[in-house]
Structure formats: C-alpha cells, structure tokens
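Inspection log for the structure reproduced underneath, given as structure tokens.
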Amino acid sequence: VVFIFKNQSDFSVLQSNLHAVFVWQHSSKMKNDLRYGPTDAFEPFAFPDVKGTEDDRRLTELGSIYDHARRNWMLAEDLGLTKFYRHYHDSDDVDPRIVSLRDLHREIDLAVAHAYGWDDLDLGHGFHEVPYLPENDSVRFTVSEPARIEVLHRLALLNKERYEEEVAKG
C-alpha cells in the first residue's frame, strides 16, 4: 500500500503506535504477518482533525525528523526497514541513534495523542510483550497494554461519533 500526502503530519500519524494498535486489531493476518488492507486499516481509522493547526505543524516537523533520521540510519547501516525494526525493537540495542529514534517515536505518539485531545492518557512507552505476536518474537518498543486497550476504546468511540455525524449530514 502506498500513501501520498502533501505533508508529514499524516506520516506521523501512520507511524504512531496509536495507528499501529488499531491496525493490529483490525487487519487480517497471514500466519503471524500483518496484512495492511486499506479497507480494514486505513479507511476506518479516525485521523485526528488537525489540518492547519499547531498540532499539524508539530506532527509535520516530527514526521520529517523521524523520516530523515530513520533513512540516514538505514543508509549508514545498509539495511532495509525490516532489519531496522529488528534493531529498533531489540532492548539490548543501545546504539545512540536507535535510542534517539525510540525517543522521537515516543514524541510522535505523544503529539498524536495531544492532537486527539488525549493528554490524560499515559502511554507507558517501553519494551512490552504484545498479545498479537508469537511468543518468541512478541517484545516490542511500544505503548503499554493498558494504553493499547484504552487507545482502541477511544478510537472506536471517535469512529462511532464521526459515523453518526456523517449519517446526520446525509
């Protein structure tokens, strides 16, 4: 799936763990691999309404920084995305560049939560075992399990609210 956006704020949202938990909940899988289907993961996802706001500018800035830093690391190491994320999710990898990318990803998640108005949500970033991956490969640098459940709940409510608004408008 290829997405073309005019700025990096949408990139930030799609890179966020808030989107990732939605995707893992709603997408189909083949064996243990995620199948990102636009009709399952993209179209029903309720993006934060930020166009032209300070949140939009912040997400654009963070997305650009993250994209460049990740690309520079991959070029320097001559590795692709899959191997990058093996390093990223490895708690033993303390390469300052990887640690910095984790910190930046945390900032993206916090900025996305802020864009939704969810400043009260403790995302609990760290290395957590996630329930949707096999036991031998289930630890990820991500939000905590309580945060994951709460994000799914809030996104479901927002999706329902937006649907009801669309129906009311005809």
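Order determines the names: the first chain of the structure tokens is A, the second B, and so forth; residues in each chain are numbered 1 upward, and ligands are numbered 1 upward as they are shown.
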
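Residue neighbourhood of His128 in chain A, excluding near-sequence residues (fewer than 6 positions): Ser138, Val139, Arg140, Phe141, Thr142, Val143, Ser144 and Glu145 of chain A, at 9 Å, using only C-alpha atoms.
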
Given the selection you just returned, output its residues as a file containing N, CA, C and O atoms, formatted as a PDB file, in the first residue's frame.
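Written output follows (part33.pdb):
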```
ATOM      1  N   SER A 138       7.620 -11.471  20.565  1.00  0.00           N
ATOM      2  CA  SER A 138       6.474 -10.653  20.964  1.00  0.00           C
ATOM      3  C   SER A 138       6.837  -9.372  21.709  1.00  0.00           C
ATOM      4  O   SER A 138       5.950  -8.594  22.049  1.00  0.00           O
ATOM      5  N   VAL A 139       8.111  -9.130  21.955  1.00  0.00           N
ATOM      6  CA  VAL A 139       8.500  -7.920  22.673  1.00  0.00           C
ATOM      7  C   VAL A 139       8.762  -6.803  21.678  1.00  0.00           C
ATOM      8  O   VAL A 139       9.505  -6.971  20.710  1.00  0.00           O
ATOM      9  N   ARG A 140       8.127  -5.672  21.923  1.00  0.00           N
ATOM     10  CA  ARG A 140       8.246  -4.510  21.042  1.00  0.00           C
ATOM     11  C   ARG A 140       8.419  -3.251  21.882  1.00  0.00           C
ATOM     12  O   ARG A 140       7.918  -3.167  23.003  1.00  0.00           O
ATOM     13  N   PHE A 141       9.097  -2.261  21.326  1.00  0.00           N
ATOM     14  CA  PHE A 141       9.113  -0.945  21.935  1.00  0.00           C
ATOM     15  C   PHE A 141       7.820  -0.274  21.499  1.00  0.00           C
ATOM     16  O   PHE A 141       7.640   0.078  20.335  1.00  0.00           O
ATOM     17  N   THR A 142       6.902  -0.137  22.432  1.00  0.00           N
ATOM     18  CA  THR A 142       5.565   0.333  22.091  1.00  0.00           C
ATOM     19  C   THR A 142       4.884   0.882  23.343  1.00  0.00           C
ATOM     20  O   THR A 142       5.514   1.030  24.387  1.00  0.00           O
ATOM     21  N   VAL A 143       3.607   1.137  23.221  1.00  0.00           N
ATOM     22  CA  VAL A 143       2.815   1.586  24.365  1.00  0.00           C
ATOM     23  C   VAL A 143       2.456   0.376  25.228  1.00  0.00           C
ATOM     24  O   VAL A 143       2.483  -0.758  24.762  1.00  0.00           O
ATOM     25  N   SER A 144       2.111   0.648  26.477  1.00  0.00           N
ATOM     26  CA  SER A 144       1.760  -0.431  27.402  1.00  0.00           C
ATOM     27  C   SER A 144       0.437  -1.084  27.000  1.00  0.00           C
ATOM     28  O   SER A 144      -0.342  -0.514  26.230  1.00  0.00           O
ATOM     29  N   GLU A 145       0.180  -2.259  27.538  1.00  0.00           N
ATOM     30  CA  GLU A 145      -1.073  -2.961  27.248  1.00  0.00           C
ATOM     31  C   GLU A 145      -2.303  -2.175  27.715  1.00  0.00           C
ATOM     32  O   GLU A 145      -3.278  -2.067  26.962  1.00  0.00           O
TER      33      GLU A 145
END
```

message = Neighbouring residues of Ser16 in chain A were defined as those with any atom within 8 Å, considering only C-alpha atoms; residues of the same chain fewer than 2 positions away were excluded. Please report them as a ChimeraX atom specification.
response = /A:12-14,18-20,105,108-109,112

File of the preceding selection, all heavy atoms, as an mmCIF file, in the first residue's frame:
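Printed below is out_14.cif as written:
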```
data_model
loop_
_atom_site.group_PDB
_atom_site.id
_atom_site.type_symbol
_atom_site.label_atom_id
_atom_site.label_comp_id
_atom_site.auth_asym_id
_atom_site.auth_seq_id
_atom_site.Cartn_x
_atom_site.Cartn_y
_atom_site.Cartn_z
ATOM 1 N N SER A 12 3.311 11.031 10.297
ATOM 2 C CA SER A 12 3.487 10.855 11.740
ATOM 3 C C SER A 12 2.362 10.028 12.338
ATOM 4 O O SER A 12 2.603 9.129 13.140
ATOM 5 C CB SER A 12 3.542 12.219 12.449
ATOM 6 O OG SER A 12 4.727 12.890 12.138
ATOM 7 N N VAL A 13 1.145 10.339 11.951
ATOM 8 C CA VAL A 13 0.002 9.594 12.491
ATOM 9 C C VAL A 13 0.097 8.128 12.088
ATOM 10 O O VAL A 13 -0.103 7.235 12.915
ATOM 11 C CB VAL A 13 -1.334 10.220 12.038
ATOM 12 C CG1 VAL A 13 -2.514 9.356 12.474
ATOM 13 C CG2 VAL A 13 -1.479 11.638 12.584
ATOM 14 N N LEU A 14 0.426 7.866 10.827
ATOM 15 C CA LEU A 14 0.519 6.474 10.366
ATOM 16 C C LEU A 14 1.690 5.730 10.999
ATOM 17 O O LEU A 14 1.639 4.503 11.143
ATOM 18 C CB LEU A 14 0.629 6.423 8.841
ATOM 19 C CG LEU A 14 -0.619 6.824 8.065
ATOM 20 C CD1 LEU A 14 -0.355 6.793 6.569
ATOM 21 C CD2 LEU A 14 -1.803 5.941 8.412
ATOM 22 N N LEU A 18 -0.397 4.662 18.040
ATOM 23 C CA LEU A 18 -1.848 4.774 18.130
ATOM 24 C C LEU A 18 -2.488 4.196 16.870
ATOM 25 O O LEU A 18 -3.529 3.540 16.941
ATOM 26 C CB LEU A 18 -2.269 6.228 18.359
ATOM 27 C CG LEU A 18 -2.043 6.717 19.793
ATOM 28 C CD1 LEU A 18 -0.580 7.032 20.077
ATOM 29 C CD2 LEU A 18 -2.888 7.923 20.072
ATOM 30 N N HIS A 19 -1.851 4.420 15.736
ATOM 31 C CA HIS A 19 -2.343 3.804 14.499
ATOM 32 C C HIS A 19 -1.995 2.311 14.488
ATOM 33 O O HIS A 19 -2.816 1.479 14.091
ATOM 34 C CB HIS A 19 -1.747 4.502 13.274
ATOM 35 C CG HIS A 19 -2.224 3.943 11.977
ATOM 36 N ND1 HIS A 19 -3.544 3.997 11.579
ATOM 37 C CD2 HIS A 19 -1.567 3.305 10.982
ATOM 38 C CE1 HIS A 19 -3.671 3.420 10.391
ATOM 39 N NE2 HIS A 19 -2.486 2.984 10.013
ATOM 40 N N ALA A 20 -0.803 1.981 14.943
ATOM 41 C CA ALA A 20 -0.364 0.580 14.918
ATOM 42 C C ALA A 20 -1.281 -0.329 15.721
ATOM 43 O O ALA A 20 -1.616 -1.437 15.273
ATOM 44 C CB ALA A 20 1.071 0.466 15.424
ATOM 45 N N HIS A 105 10.062 8.559 18.384
ATOM 46 C CA HIS A 105 8.788 7.863 18.178
ATOM 47 C C HIS A 105 7.847 8.111 19.364
ATOM 48 O O HIS A 105 6.641 8.300 19.188
ATOM 49 C CB HIS A 105 9.021 6.364 17.992
ATOM 50 C CG HIS A 105 7.950 5.710 17.190
ATOM 51 N ND1 HIS A 105 8.212 4.772 16.247
ATOM 52 C CD2 HIS A 105 6.616 5.879 17.176
ATOM 53 C CE1 HIS A 105 7.074 4.374 15.704
ATOM 54 N NE2 HIS A 105 6.097 5.033 16.269
ATOM 55 N N ILE A 108 6.360 11.416 18.836
ATOM 56 C CA ILE A 108 5.296 11.339 17.823
ATOM 57 C C ILE A 108 4.013 10.824 18.461
ATOM 58 O O ILE A 108 2.939 11.394 18.268
ATOM 59 C CB ILE A 108 5.728 10.457 16.629
ATOM 60 C CG1 ILE A 108 6.788 11.185 15.798
ATOM 61 C CG2 ILE A 108 4.528 10.072 15.765
ATOM 62 C CD1 ILE A 108 7.433 10.337 14.720
ATOM 63 N N ASP A 109 4.115 9.757 19.230
ATOM 64 C CA ASP A 109 2.928 9.198 19.883
ATOM 65 C C ASP A 109 2.266 10.217 20.801
ATOM 66 O O ASP A 109 1.035 10.353 20.813
ATOM 67 C CB ASP A 109 3.286 7.946 20.682
ATOM 68 C CG ASP A 109 3.603 6.752 19.810
ATOM 69 O OD1 ASP A 109 3.367 6.805 18.584
ATOM 70 O OD2 ASP A 109 4.094 5.748 20.365
ATOM 71 N N VAL A 112 0.539 12.835 18.672
ATOM 72 C CA VAL A 112 -0.698 12.311 18.092
ATOM 73 C C VAL A 112 -1.779 12.254 19.167
ATOM 74 O O VAL A 112 -2.921 12.678 18.939
ATOM 75 C CB VAL A 112 -0.479 10.927 17.432
ATOM 76 C CG1 VAL A 112 -1.800 10.295 17.023
ATOM 77 C CG2 VAL A 112 0.435 11.061 16.207
#
```

task = Measuring atom to atom with only C-alpha atoms, identify which of A:Phe11, A:Phe84, A:Tyr163, A:Phe22 is nearest to Phe45 in chain A.
result = A:Phe22

Which of range 4-137 of chain A fall in helix (DSSP H, G or I), as a compact mmCIF listing (two decimals) with N, CA, C and O atoms, in the first residue's frame:
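Heads up, here's the output in states-v4.txt:
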```txt
# COMPACT_ATOMS: atom_id res chain seq x y z
N SER A 9 2.53 15.36 8.47
CA SER A 9 1.70 15.12 9.66
C SER A 9 0.95 13.80 9.54
O SER A 9 0.85 13.06 10.52
N ASP A 10 0.45 13.48 8.35
CA ASP A 10 -0.22 12.19 8.17
C ASP A 10 0.77 11.04 8.30
O ASP A 10 0.43 9.98 8.82
N PHE A 11 1.99 11.25 7.83
CA PHE A 11 3.05 10.25 8.00
C PHE A 11 3.25 9.96 9.49
O PHE A 11 3.35 8.81 9.91
N SER A 12 3.31 11.03 10.30
CA SER A 12 3.49 10.85 11.74
C SER A 12 2.36 10.03 12.34
O SER A 12 2.60 9.13 13.14
N VAL A 13 1.15 10.34 11.95
CA VAL A 13 0.00 9.59 12.49
C VAL A 13 0.10 8.13 12.09
O VAL A 13 -0.10 7.23 12.92
N LEU A 14 0.43 7.87 10.83
CA LEU A 14 0.52 6.47 10.37
C LEU A 14 1.69 5.73 11.00
O LEU A 14 1.64 4.50 11.14
N GLN A 15 2.74 6.44 11.39
CA GLN A 15 3.88 5.81 12.06
C GLN A 15 3.62 5.60 13.54
O GLN A 15 4.33 4.83 14.19
N ASN A 17 2.21 4.63 17.27
CA ASN A 17 1.70 3.41 17.89
C ASN A 17 0.19 3.47 18.05
O ASN A 17 -0.46 2.44 18.16
N LEU A 18 -0.40 4.66 18.04
CA LEU A 18 -1.85 4.77 18.13
C LEU A 18 -2.49 4.20 16.87
O LEU A 18 -3.53 3.54 16.94
N HIS A 19 -1.85 4.42 15.74
CA HIS A 19 -2.34 3.80 14.50
C HIS A 19 -1.99 2.31 14.49
O HIS A 19 -2.82 1.48 14.09
N ALA A 20 -0.80 1.98 14.94
CA ALA A 20 -0.36 0.58 14.92
C ALA A 20 -1.28 -0.33 15.72
O ALA A 20 -1.62 -1.44 15.27
N VAL A 21 -1.72 0.12 16.90
CA VAL A 21 -2.60 -0.75 17.69
C VAL A 21 -3.94 -0.95 16.98
O VAL A 21 -4.52 -2.04 17.04
N PHE A 22 -4.40 0.08 16.29
CA PHE A 22 -5.64 -0.03 15.52
C PHE A 22 -5.45 -1.02 14.38
O PHE A 22 -6.29 -1.89 14.14
N VAL A 23 -4.35 -0.91 13.70
CA VAL A 23 -4.06 -1.78 12.55
C VAL A 23 -3.98 -3.24 12.98
O VAL A 23 -4.59 -4.12 12.36
N TRP A 24 -3.25 -3.51 14.07
CA TRP A 24 -3.12 -4.90 14.52
C TRP A 24 -4.45 -5.46 15.00
O TRP A 24 -4.69 -6.66 14.90
N GLN A 25 -5.32 -4.61 15.47
CA GLN A 25 -6.64 -5.06 15.93
C GLN A 25 -7.57 -5.36 14.76
O GLN A 25 -8.38 -6.28 14.81
N HIS A 26 -7.48 -4.58 13.69
CA HIS A 26 -8.49 -4.63 12.64
C HIS A 26 -8.03 -5.26 11.33
O HIS A 26 -8.88 -5.54 10.46
N PRO A 38 -6.20 -1.50 3.06
CA PRO A 38 -6.76 -0.14 3.13
C PRO A 38 -8.19 -0.10 3.68
O PRO A 38 -8.53 0.79 4.45
N THR A 39 -9.01 -1.07 3.31
CA THR A 39 -10.40 -1.05 3.78
C THR A 39 -10.52 -1.47 5.25
O THR A 39 -11.50 -1.13 5.90
N ASP A 40 -9.53 -2.19 5.77
CA ASP A 40 -9.55 -2.62 7.17
C ASP A 40 -8.80 -1.66 8.09
O ASP A 40 -9.22 -1.43 9.22
N ALA A 41 -7.68 -1.13 7.61
CA ALA A 41 -6.78 -0.39 8.49
C ALA A 41 -6.71 1.11 8.22
O ALA A 41 -6.46 1.88 9.14
N PHE A 42 -6.93 1.52 6.99
CA PHE A 42 -6.77 2.94 6.67
C PHE A 42 -8.09 3.68 6.64
O PHE A 42 -8.27 4.68 7.33
N GLU A 54 -1.59 24.11 15.07
CA GLU A 54 -0.26 23.93 15.66
C GLU A 54 0.06 22.43 15.76
O GLU A 54 1.21 22.03 15.57
N ASP A 55 -0.95 21.60 16.04
CA ASP A 55 -0.73 20.14 16.06
C ASP A 55 -0.26 19.65 14.70
O ASP A 55 0.63 18.80 14.61
N ASP A 56 -0.84 20.17 13.64
CA ASP A 56 -0.44 19.80 12.28
C ASP A 56 1.02 20.16 12.05
O ASP A 56 1.80 19.34 11.54
N ARG A 57 1.41 21.34 12.46
CA ARG A 57 2.81 21.78 12.28
C ARG A 57 3.76 20.90 13.10
O ARG A 57 4.83 20.52 12.62
N ARG A 58 3.37 20.58 14.32
CA ARG A 58 4.23 19.75 15.19
C ARG A 58 4.36 18.34 14.62
O ARG A 58 5.46 17.79 14.57
N LEU A 59 3.27 17.76 14.17
CA LEU A 59 3.32 16.41 13.59
C LEU A 59 4.13 16.41 12.30
O LEU A 59 4.85 15.45 12.01
N THR A 60 4.01 17.48 11.51
CA THR A 60 4.79 17.59 10.28
C THR A 60 6.28 17.65 10.60
O THR A 60 7.09 16.95 9.98
N GLU A 61 6.63 18.45 11.59
CA GLU A 61 8.04 18.58 12.00
C GLU A 61 8.58 17.24 12.49
O GLU A 61 9.65 16.79 12.06
N LEU A 62 7.85 16.58 13.39
CA LEU A 62 8.30 15.30 13.93
C LEU A 62 8.39 14.23 12.86
O LEU A 62 9.35 13.44 12.84
N GLY A 63 7.41 14.19 11.96
CA GLY A 63 7.44 13.21 10.89
C GLY A 63 8.65 13.39 9.99
O GLY A 63 9.29 12.42 9.58
N SER A 64 8.97 14.62 9.68
CA SER A 64 10.12 14.91 8.83
C SER A 64 11.42 14.50 9.51
O SER A 64 12.29 13.86 8.91
N ILE A 65 11.55 14.85 10.78
CA ILE A 65 12.76 14.50 11.53
C ILE A 65 12.90 12.98 11.62
O ILE A 65 13.98 12.42 11.38
N TYR A 66 11.80 12.29 11.95
CA TYR A 66 11.83 10.84 12.09
C TYR A 66 12.18 10.16 10.76
O TYR A 66 13.04 9.28 10.70
N ASP A 67 11.54 10.60 9.70
CA ASP A 67 11.78 10.03 8.37
C ASP A 67 13.25 10.18 7.98
O ASP A 67 13.88 9.22 7.54
N HIS A 68 13.81 11.36 8.17
CA HIS A 68 15.22 11.59 7.80
C HIS A 68 16.17 10.80 8.69
O HIS A 68 17.13 10.21 8.20
N ALA A 69 15.91 10.79 9.99
CA ALA A 69 16.80 10.07 10.91
C ALA A 69 16.77 8.56 10.63
O ALA A 69 17.83 7.91 10.62
N ARG A 70 15.60 8.03 10.41
CA ARG A 70 15.49 6.59 10.12
C ARG A 70 16.17 6.26 8.79
O ARG A 70 16.93 5.30 8.69
N ARG A 71 15.91 7.09 7.78
CA ARG A 71 16.53 6.87 6.47
C ARG A 71 18.05 6.95 6.58
O ARG A 71 18.77 6.12 6.01
N ASN A 72 18.56 7.95 7.31
CA ASN A 72 20.02 8.09 7.46
C ASN A 72 20.62 6.89 8.16
O ASN A 72 21.71 6.42 7.79
N TRP A 73 19.95 6.35 9.19
CA TRP A 73 20.45 5.17 9.88
C TRP A 73 20.47 3.98 8.93
O TRP A 73 21.45 3.24 8.86
N MET A 74 19.39 3.79 8.18
CA MET A 74 19.31 2.65 7.26
C MET A 74 20.38 2.76 6.18
O MET A 74 21.00 1.75 5.81
N LEU A 75 20.62 3.96 5.66
CA LEU A 75 21.66 4.14 4.64
C LEU A 75 23.05 3.88 5.23
O LEU A 75 23.87 3.22 4.60
N ALA A 76 23.29 4.37 6.43
CA ALA A 76 24.59 4.18 7.07
C ALA A 76 24.87 2.71 7.35
O ALA A 76 26.01 2.26 7.24
N GLU A 77 23.83 1.97 7.69
CA GLU A 77 23.99 0.56 8.02
C GLU A 77 23.74 -0.35 6.82
O GLU A 77 23.91 -1.57 6.93
N LEU A 81 13.95 -1.65 5.98
CA LEU A 81 13.02 -1.42 7.09
C LEU A 81 12.90 -2.60 8.05
O LEU A 81 12.85 -2.42 9.26
N THR A 82 12.83 -3.81 7.51
CA THR A 82 12.66 -4.98 8.38
C THR A 82 13.82 -5.10 9.35
O THR A 82 13.62 -5.27 10.56
N LYS A 83 15.05 -4.98 8.85
CA LYS A 83 16.21 -5.09 9.73
C LYS A 83 16.32 -3.87 10.65
O LYS A 83 16.76 -4.00 11.79
N PHE A 84 15.89 -2.71 10.17
CA PHE A 84 15.86 -1.54 11.05
C PHE A 84 14.98 -1.84 12.26
O PHE A 84 15.37 -1.60 13.40
N TYR A 85 13.77 -2.34 12.01
CA TYR A 85 12.85 -2.58 13.12
C TYR A 85 13.30 -3.72 14.02
O TYR A 85 12.93 -3.77 15.19
N ARG A 86 14.12 -4.63 13.52
CA ARG A 86 14.70 -5.64 14.42
C ARG A 86 15.59 -4.95 15.45
O ARG A 86 15.58 -5.30 16.63
N HIS A 87 16.38 -3.99 15.00
CA HIS A 87 17.22 -3.23 15.92
C HIS A 87 16.37 -2.37 16.85
O HIS A 87 16.60 -2.31 18.05
N TYR A 88 15.39 -1.70 16.26
CA TYR A 88 14.53 -0.78 17.00
C TYR A 88 13.82 -1.47 18.16
O TYR A 88 13.70 -0.92 19.25
N PRO A 96 23.14 4.78 20.18
CA PRO A 96 22.52 6.08 20.44
C PRO A 96 21.56 6.54 19.35
O PRO A 96 20.57 7.23 19.65
N ARG A 97 21.82 6.14 18.12
CA ARG A 97 20.91 6.53 17.02
C ARG A 97 19.57 5.82 17.17
O ARG A 97 18.52 6.42 16.93
N ILE A 98 19.58 4.55 17.57
CA ILE A 98 18.34 3.79 17.76
C ILE A 98 17.60 4.33 18.98
O ILE A 98 16.38 4.52 18.95
N VAL A 99 18.32 4.59 20.06
CA VAL A 99 17.70 5.15 21.26
C VAL A 99 17.04 6.49 20.93
O VAL A 99 15.92 6.77 21.35
N SER A 100 17.74 7.29 20.14
CA SER A 100 17.19 8.59 19.72
C SER A 100 15.92 8.42 18.88
O SER A 100 14.95 9.18 19.04
N LEU A 101 15.90 7.42 18.00
CA LEU A 101 14.71 7.16 17.19
C LEU A 101 13.55 6.67 18.06
O LEU A 101 12.40 7.02 17.81
N ARG A 102 13.84 5.89 19.07
CA ARG A 102 12.78 5.47 20.00
C ARG A 102 12.21 6.69 20.73
O ARG A 102 10.99 6.82 20.88
N ASP A 103 13.10 7.57 21.17
CA ASP A 103 12.65 8.80 21.85
C ASP A 103 11.79 9.65 20.91
O ASP A 103 10.77 10.20 21.32
N LEU A 104 12.22 9.74 19.68
CA LEU A 104 11.47 10.51 18.69
C LEU A 104 10.10 9.88 18.42
O LEU A 104 9.09 10.58 18.30
N HIS A 105 10.06 8.56 18.38
CA HIS A 105 8.79 7.86 18.18
C HIS A 105 7.85 8.11 19.36
O HIS A 105 6.64 8.30 19.19
N ARG A 106 8.41 8.14 20.56
CA ARG A 106 7.62 8.46 21.76
C ARG A 106 7.03 9.87 21.61
O ARG A 106 5.85 10.09 21.90
N GLU A 107 7.84 10.81 21.13
CA GLU A 107 7.35 12.18 20.91
C GLU A 107 6.22 12.21 19.89
O GLU A 107 5.25 12.95 20.06
N ILE A 108 6.36 11.42 18.84
CA ILE A 108 5.30 11.34 17.82
C ILE A 108 4.01 10.82 18.46
O ILE A 108 2.94 11.39 18.27
N ASP A 109 4.12 9.76 19.23
CA ASP A 109 2.93 9.20 19.88
C ASP A 109 2.27 10.22 20.80
O ASP A 109 1.04 10.35 20.81
N LEU A 110 3.07 10.93 21.57
CA LEU A 110 2.53 11.95 22.46
C LEU A 110 1.88 13.09 21.69
O LEU A 110 0.82 13.60 22.08
N ALA A 111 2.49 13.47 20.57
CA ALA A 111 1.92 14.54 19.74
C ALA A 111 0.61 14.09 19.09
O ALA A 111 -0.34 14.88 18.97
N VAL A 112 0.54 12.83 18.67
CA VAL A 112 -0.70 12.31 18.09
C VAL A 112 -1.78 12.25 19.17
O VAL A 112 -2.92 12.68 18.94
N ALA A 113 -1.44 11.77 20.35
CA ALA A 113 -2.41 11.73 21.45
C ALA A 113 -2.90 13.15 21.76
O ALA A 113 -4.10 13.37 21.96
N HIS A 114 -1.98 14.10 21.77
CA HIS A 114 -2.36 15.50 22.02
C HIS A 114 -3.31 16.01 20.93
O HIS A 114 -4.27 16.72 21.22
N ALA A 115 -3.04 15.63 19.69
CA ALA A 115 -3.90 16.06 18.57
C ALA A 115 -5.32 15.54 18.73
O ALA A 115 -6.28 16.19 18.30
N TYR A 116 -5.47 14.39 19.34
CA TYR A 116 -6.80 13.85 19.64
C TYR A 116 -7.42 14.49 20.88
O TYR A 116 -8.60 14.29 21.15
N GLU A 135 5.09 -15.83 20.74
CA GLU A 135 5.86 -15.71 21.97
C GLU A 135 7.34 -15.47 21.74
O GLU A 135 7.96 -14.70 22.48
N ASN A 136 7.92 -16.11 20.74
CA ASN A 136 9.36 -15.97 20.52
C ASN A 136 9.74 -14.63 19.90
O ASN A 136 10.92 -14.33 19.76
N ASP A 137 8.77 -13.80 19.52
CA ASP A 137 9.05 -12.51 18.89
C ASP A 137 7.99 -11.48 19.29
O ASP A 137 7.52 -10.71 18.47
```

Could you pull out all residues of range 117-149 of chain A with a DSSP call of strand (DSSP E or B) and give them as a PDB file with C-alpha atoms, in the first residue's frame?
```pdb
ATOM      1  CA  GLY A 126       8.767   0.789  26.884  1.00  0.00           C
ATOM      2  CA  PHE A 127       9.594  -2.732  25.840  1.00  0.00           C
ATOM      3  CA  HIS A 128       6.377  -4.666  26.231  1.00  0.00           C
ATOM      4  CA  GLU A 129       5.178  -8.108  25.272  1.00  0.00           C
ATOM      5  CA  VAL A 139       8.500  -7.920  22.673  1.00  0.00           C
ATOM      6  CA  ARG A 140       8.246  -4.510  21.042  1.00  0.00           C
ATOM      7  CA  PHE A 141       9.113  -0.945  21.935  1.00  0.00           C
ATOM      8  CA  THR A 142       5.565   0.333  22.091  1.00  0.00           C
TER       9      THR A 142
END
```

Which residues of range 26-121 of chain A come within 10 Å of range 152-157 of chain A, and for each one, what is the closest pair of atoms and their distance in Å to one decimal, counting only C-alpha atoms, sorted by chain and residue number, as CSV?
```
residue,atom,partner,partner_atom,distance
A:Pro44,CA,A:Ala156,CA,9.6
A:Phe45,CA,A:Leu155,CA,7.7
A:Ala46,CA,A:Leu155,CA,6.7
A:Phe47,CA,A:Leu155,CA,9.1
A:Pro48,CA,A:Leu155,CA,10.0
A:Tyr116,CA,A:Leu155,CA,9.5
A:Trp118,CA,A:Arg154,CA,9.1
```

Selection from above, N, CA and C atoms, as an mmCIF file, in the first residue's frame, can you write it?
```cif
data_model
loop_
_atom_site.group_PDB
_atom_site.id
_atom_site.type_symbol
_atom_site.label_atom_id
_atom_site.label_comp_id
_atom_site.auth_asym_id
_atom_site.auth_seq_id
_atom_site.Cartn_x
_atom_site.Cartn_y
_atom_site.Cartn_z
ATOM 1 N N PRO A 44 -11.163 3.037 7.858
ATOM 2 C CA PRO A 44 -11.942 3.219 9.087
ATOM 3 C C PRO A 44 -11.177 3.918 10.217
ATOM 4 N N PHE A 45 -9.898 4.196 10.013
ATOM 5 C CA PHE A 45 -9.109 4.834 11.057
ATOM 6 C C PHE A 45 -9.489 6.309 11.154
ATOM 7 N N ALA A 46 -9.836 6.742 12.349
ATOM 8 C CA ALA A 46 -10.246 8.134 12.579
ATOM 9 C C ALA A 46 -9.014 8.993 12.836
ATOM 10 N N PHE A 47 -8.530 9.640 11.786
ATOM 11 C CA PHE A 47 -7.383 10.534 11.923
ATOM 12 C C PHE A 47 -7.759 11.720 12.808
ATOM 13 N N PRO A 48 -6.791 12.264 13.544
ATOM 14 C CA PRO A 48 -7.092 13.487 14.295
ATOM 15 C C PRO A 48 -7.335 14.633 13.314
ATOM 16 N N TYR A 116 -5.468 14.391 19.342
ATOM 17 C CA TYR A 116 -6.800 13.849 19.635
ATOM 18 C C TYR A 116 -7.419 14.489 20.881
ATOM 19 N N TRP A 118 -6.089 13.818 23.930
ATOM 20 C CA TRP A 118 -5.945 12.755 24.909
ATOM 21 C C TRP A 118 -4.706 12.950 25.788
#
```
